[in-house]
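Enquirer: Once you've had a glance at the structure underneath, I'll fire off some questions.
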Amino acid sequence: LEAVGRATADLFPELAGAPIDGVMYIDPFAIEAMLELTGAIRVEGLDQELNSSNTADFLIKDQYVRFESNAERFDFLTKVLDAPFASFAQAELPGPERLGAVLGPVARASRLQLATFDDDLNDFLEKVLLLNRFPAPDGGDFLAVLASNAAPNKLDAYLTRSINYEVQLDPVAGNLKSTIRVFLTSVVPDGLPDYVTGWDDFEGVKRRENRSKVIVYSPHEITGAWIDGEQTITGFTREFGYNRYTLTPTVRPNTTVQLVFTVEGVVTIDDGYRLSMPSQPVVNDDGVTVTVTTPGGFPGQASFTLVEDTELIWQLN
């Protein structure tokens, strides 16, 4: 977000005639949380109120069905964004405990983020979880699985991911061999407009097909990659101090694609085996299972929904 802020600061004065003090990232789930504090809103052009239980779903899915014209939809979205902030500015807000209870979860999930051009202020925002920086390598194990829509459609709203991370660990030297399995399932309802499903064979993607650019960050060296059992080659670069591997599979409607990455490396195990997993603010939260085994059969397993950055620790003695 800080990099986006710097780029915006260069462009905004020319576009809008005024400088900015910072930038905010807010997604539909964070807007929905704001309405829990301010109450429901009515927006011109919509025959229902938006409240703390239906706003995210409306913004992610229903708006594309309600408005056939992009111009009409963009005008409506401007009103939707204006209304919660106007209500928030005018409302008598509760104390810090209630604010934290409502907005804390969306901040920890990186759905509500702020960045300024003041380093000290940004350090404070990071401490209160309003600025999520990509974690630096610290010698422990690390896995981040991110994705972005690589097709001219809106079908990422109907995509779910599950991640299995299987680690074979030497508890003396810290050597490991790991298998990363990423399952992408696309369930596409009937009756969606073309703007959501895409068009036939546009840029190589057929109607109702999902194409996702899947990015894996790992400190380890890749030894193999497969898409549905067929070996393939990943994209590769270095970023944030990690190896960055990419695959871009196409998922047909109502099917599941399995991606497999195998990696080898070494981790620091002085304080046990530590695994850090950053989350990505996606529509459907990732389901994760981590399994750790050693030659002595040490069983370590955790299954959870990845809604915020998570660290797992297993003691090895």
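Going through the structure tokens in order, the chains are called A, B, and so on, while each chain numbers its residues from 1 and the ligands are numbered from 1 in the order shown.
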Show which residues sit within 12 Å of segment 228-236 of chain A, as a PyMOL selection string. Count only C-alpha atoms, and ignore same-chain residues fewer than 2 positions away.

Expert: chain A and resi 181-184+213-218+221-226+238-239+242-251+255-262

Enquirer: Would you kindly return, as a PDB file with N, CA, C and O atoms, in the first residue's frame, each protein, DNA or RNA residue with an atom no farther than 9 Å from any atom of Gly272 of chain A, considering only C-alpha atoms and excluding same-chain residues fewer than 3 positions away?

Expert:
```
ATOM      1  N   PRO A 171      14.725 -32.776  12.278  1.00  0.00           N
ATOM      2  CA  PRO A 171      14.668 -31.944  13.484  1.00  0.00           C
ATOM      3  C   PRO A 171      16.030 -31.614  14.067  1.00  0.00           C
ATOM      4  O   PRO A 171      16.109 -30.874  15.055  1.00  0.00           O
ATOM      5  N   THR A 268      15.648 -22.420  10.438  1.00  0.00           N
ATOM      6  CA  THR A 268      16.190 -22.345  11.789  1.00  0.00           C
ATOM      7  C   THR A 268      15.215 -23.006  12.756  1.00  0.00           C
ATOM      8  O   THR A 268      14.022 -22.691  12.744  1.00  0.00           O
ATOM      9  N   ILE A 269      15.725 -23.920  13.599  1.00  0.00           N
ATOM     10  CA  ILE A 269      14.836 -24.671  14.493  1.00  0.00           C
ATOM     11  C   ILE A 269      15.252 -24.532  15.953  1.00  0.00           C
ATOM     12  O   ILE A 269      14.894 -25.353  16.788  1.00  0.00           O
ATOM     13  N   ILE A 313       3.761 -22.761  15.557  1.00  0.00           N
ATOM     14  CA  ILE A 313       5.009 -23.183  16.182  1.00  0.00           C
ATOM     15  C   ILE A 313       4.822 -24.577  16.746  1.00  0.00           C
ATOM     16  O   ILE A 313       3.848 -24.836  17.475  1.00  0.00           O
ATOM     17  N   TRP A 314       5.750 -25.501  16.398  1.00  0.00           N
ATOM     18  CA  TRP A 314       5.797 -26.811  17.012  1.00  0.00           C
ATOM     19  C   TRP A 314       7.146 -26.997  17.695  1.00  0.00           C
ATOM     20  O   TRP A 314       8.206 -26.781  17.077  1.00  0.00           O
ATOM     21  N   GLN A 315       7.120 -27.383  18.954  1.00  0.00           N
ATOM     22  CA  GLN A 315       8.354 -27.733  19.655  1.00  0.00           C
ATOM     23  C   GLN A 315       8.799 -29.116  19.199  1.00  0.00           C
ATOM     24  O   GLN A 315       7.993 -30.014  19.005  1.00  0.00           O
ATOM     25  N   LEU A 316      10.111 -29.306  19.070  1.00  0.00           N
ATOM     26  CA  LEU A 316      10.646 -30.542  18.497  1.00  0.00           C
ATOM     27  C   LEU A 316      11.261 -31.465  19.549  1.00  0.00           C
ATOM     28  O   LEU A 316      11.883 -32.469  19.198  1.00  0.00           O
ATOM     29  N   ASN A 317      11.131 -31.132  20.829  1.00  0.00           N
ATOM     30  CA  ASN A 317      11.684 -32.020  21.863  1.00  0.00           C
ATOM     31  C   ASN A 317      10.675 -32.225  22.975  1.00  0.00           C
ATOM     32  O   ASN A 317       9.601 -31.713  22.946  1.00  0.00           O
TER      33      ASN A 317
END
```

Enquirer: Considering only C-alpha atoms, can you say which of A:Asn122, A:Ser186, A:Thr294, A:Thr116 comes closest to Arg211 of chain A?

Expert: A:Ser186

Enquirer: I'd like the contact shell of Thr291 of chain A - 6 Å cut-off, only C-alpha atoms, skipping same-chain residues fewer than 5 positions apart - returned as a list in words.

Expert: Glu166, Gly300 and Gln301 of chain A

Enquirer: Measuring atom to atom with only C-alpha atoms, identify which of A:Ala136, A:Ala71, A:Ala115, A:Ala150 is nearest to Glu2 of chain A.

Expert: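 Checking each of A:Ala136, A:Ala71, A:Ala115, A:Ala150 against Glu2 of chain A, counting only C-alpha atoms, the winner is A:Ala115.
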
Enquirer: May I have all residues of segment 25-163 of chain A that DSSP, computed from the backbone, assigns to helix (DSSP H, G or I), given as number ranges by chain?

Expert: A: 28-38, 55-66, 70-90, 96-108, 119-127, 155-158

Enquirer: Rounded to one decimal in Å, what is the spacing between atom CA of Thr179 of chain A and atom CA of Gly296 of chain A?

Expert: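 A separation of 19.1 Å between them.
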
Enquirer: Of the candidates A:Asp270, A:Asn284, A:Asn70, A:Val80, which one gets nearest to Val172 of chain A if we count only C-alpha atoms?

Expert: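 Closest to Val172 of chain A of all the choices is A:Asp270.
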
Enquirer: As number ranges by chain, please: every residue in segment 48-162 of chain A that a backbone DSSP assignment puts in strand (DSSP E or B).

Expert: A: 50, 112-116, 141-142, 144-149, 159-162

Enquirer: Residues within 10 Å of segment 187-193 of chain A, please, as a VMD selection string. Count only C-alpha atoms; anything in the same chain fewer than 6 positions from it doesn't count.

Expert: chain A and resid 61 to 62 64 to 68 155 to 160 199 208 to 210 251 to 256

Enquirer: Restricting the calculation to only C-alpha atoms: of A:Asp170, A:Leu112, A:Ile163, A:Leu275, which residue gets closest to Thr305 of chain A?

Expert: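 For Thr305 of chain A, the nearest of the candidates is A:Ile163.
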
Enquirer: Find the nearest atom pair between each residue of segment 118-177 of chain A and segment 102-108 of chain A for residues within 12 Å, count only C-alpha atoms, give distances in Å to one decimal, sort rows by chain and ascending number, and present the table as a tab-separated table.

Expert:
```
residue	atom	partner	partner_atom	distance
A:Leu125	CA	A:Ala107	CA	10.4
A:Glu126	CA	A:Ala107	CA	10.3
A:Lys127	CA	A:Arg108	CA	10.9
A:Val128	CA	A:Ala107	CA	8.7
A:Leu129	CA	A:Arg108	CA	5.9
A:Leu130	CA	A:Ala107	CA	5.6
A:Leu131	CA	A:Ala107	CA	8.2
A:Asn132	CA	A:Arg108	CA	8.1
A:Arg133	CA	A:Arg108	CA	11.6
```

Enquirer: With C-alpha atoms retained, export the selected residues as a compact mmCIF listing (two decimals), in the first residue's frame.

Expert:
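And here is the file that came out, result_32.txt:
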```txt
# COMPACT_ATOMS: atom_id res chain seq x y z
CA LEU A 125 -0.31 2.26 11.82
CA GLU A 126 1.58 -1.02 11.48
CA LYS A 127 1.52 -1.52 15.26
CA VAL A 128 -2.27 -1.08 15.37
CA LEU A 129 -2.67 -3.40 12.35
CA LEU A 130 -3.86 -0.71 9.95
CA LEU A 131 -0.79 -1.09 7.73
CA ASN A 132 0.12 -4.65 6.84
CA ARG A 133 3.65 -4.92 5.49
```

Enquirer: Counting only C-alpha atoms, which residue out of A:Arg98, A:Pro219, A:Phe12, A:Leu143 sits closest to Thr237 of chain A?

Expert: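 Ranking A:Arg98, A:Pro219, A:Phe12, A:Leu143 by distance to Thr237 of chain A, first place goes to A:Pro219.
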
Enquirer: With distances taken over only C-alpha atoms, which residue among A:Asp194, A:Asn153, A:Val266, A:Ala3 lies nearest Ser69 of chain A?

Expert: A:Asp194

Enquirer: Quick one: everything within 10 Å of Thr55 of chain A, counting only C-alpha atoms, minus sequence neighbours fewer than 4 positions away in the same chain. Send it as a list in words.

Expert: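 Close residues of Thr55 of chain A: Pro28, Phe29, Ala30, Ile31, Glu32, Ala33, Leu35, Ala40, Ile41, Glu49, Leu50, Asn51, Leu59, Ile60, Asp62 and Val80 of chain A.
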
Enquirer: How many Å lie between atom CA of Pro19 of chain A and atom CA of Asp75 of chain A, rounded to one decimal?

Expert: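 Spanning atom CA of Pro19 of chain A to atom CA of Asp75 of chain A is a straight-line distance of 24.5 Å.
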
Enquirer: In Å, rounded to a single decimal, give me how far atom CA of Leu146 of chain A is from atom CA of Ala101 of chain A.

Expert: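 These atoms are spaced 26.9 Å apart.
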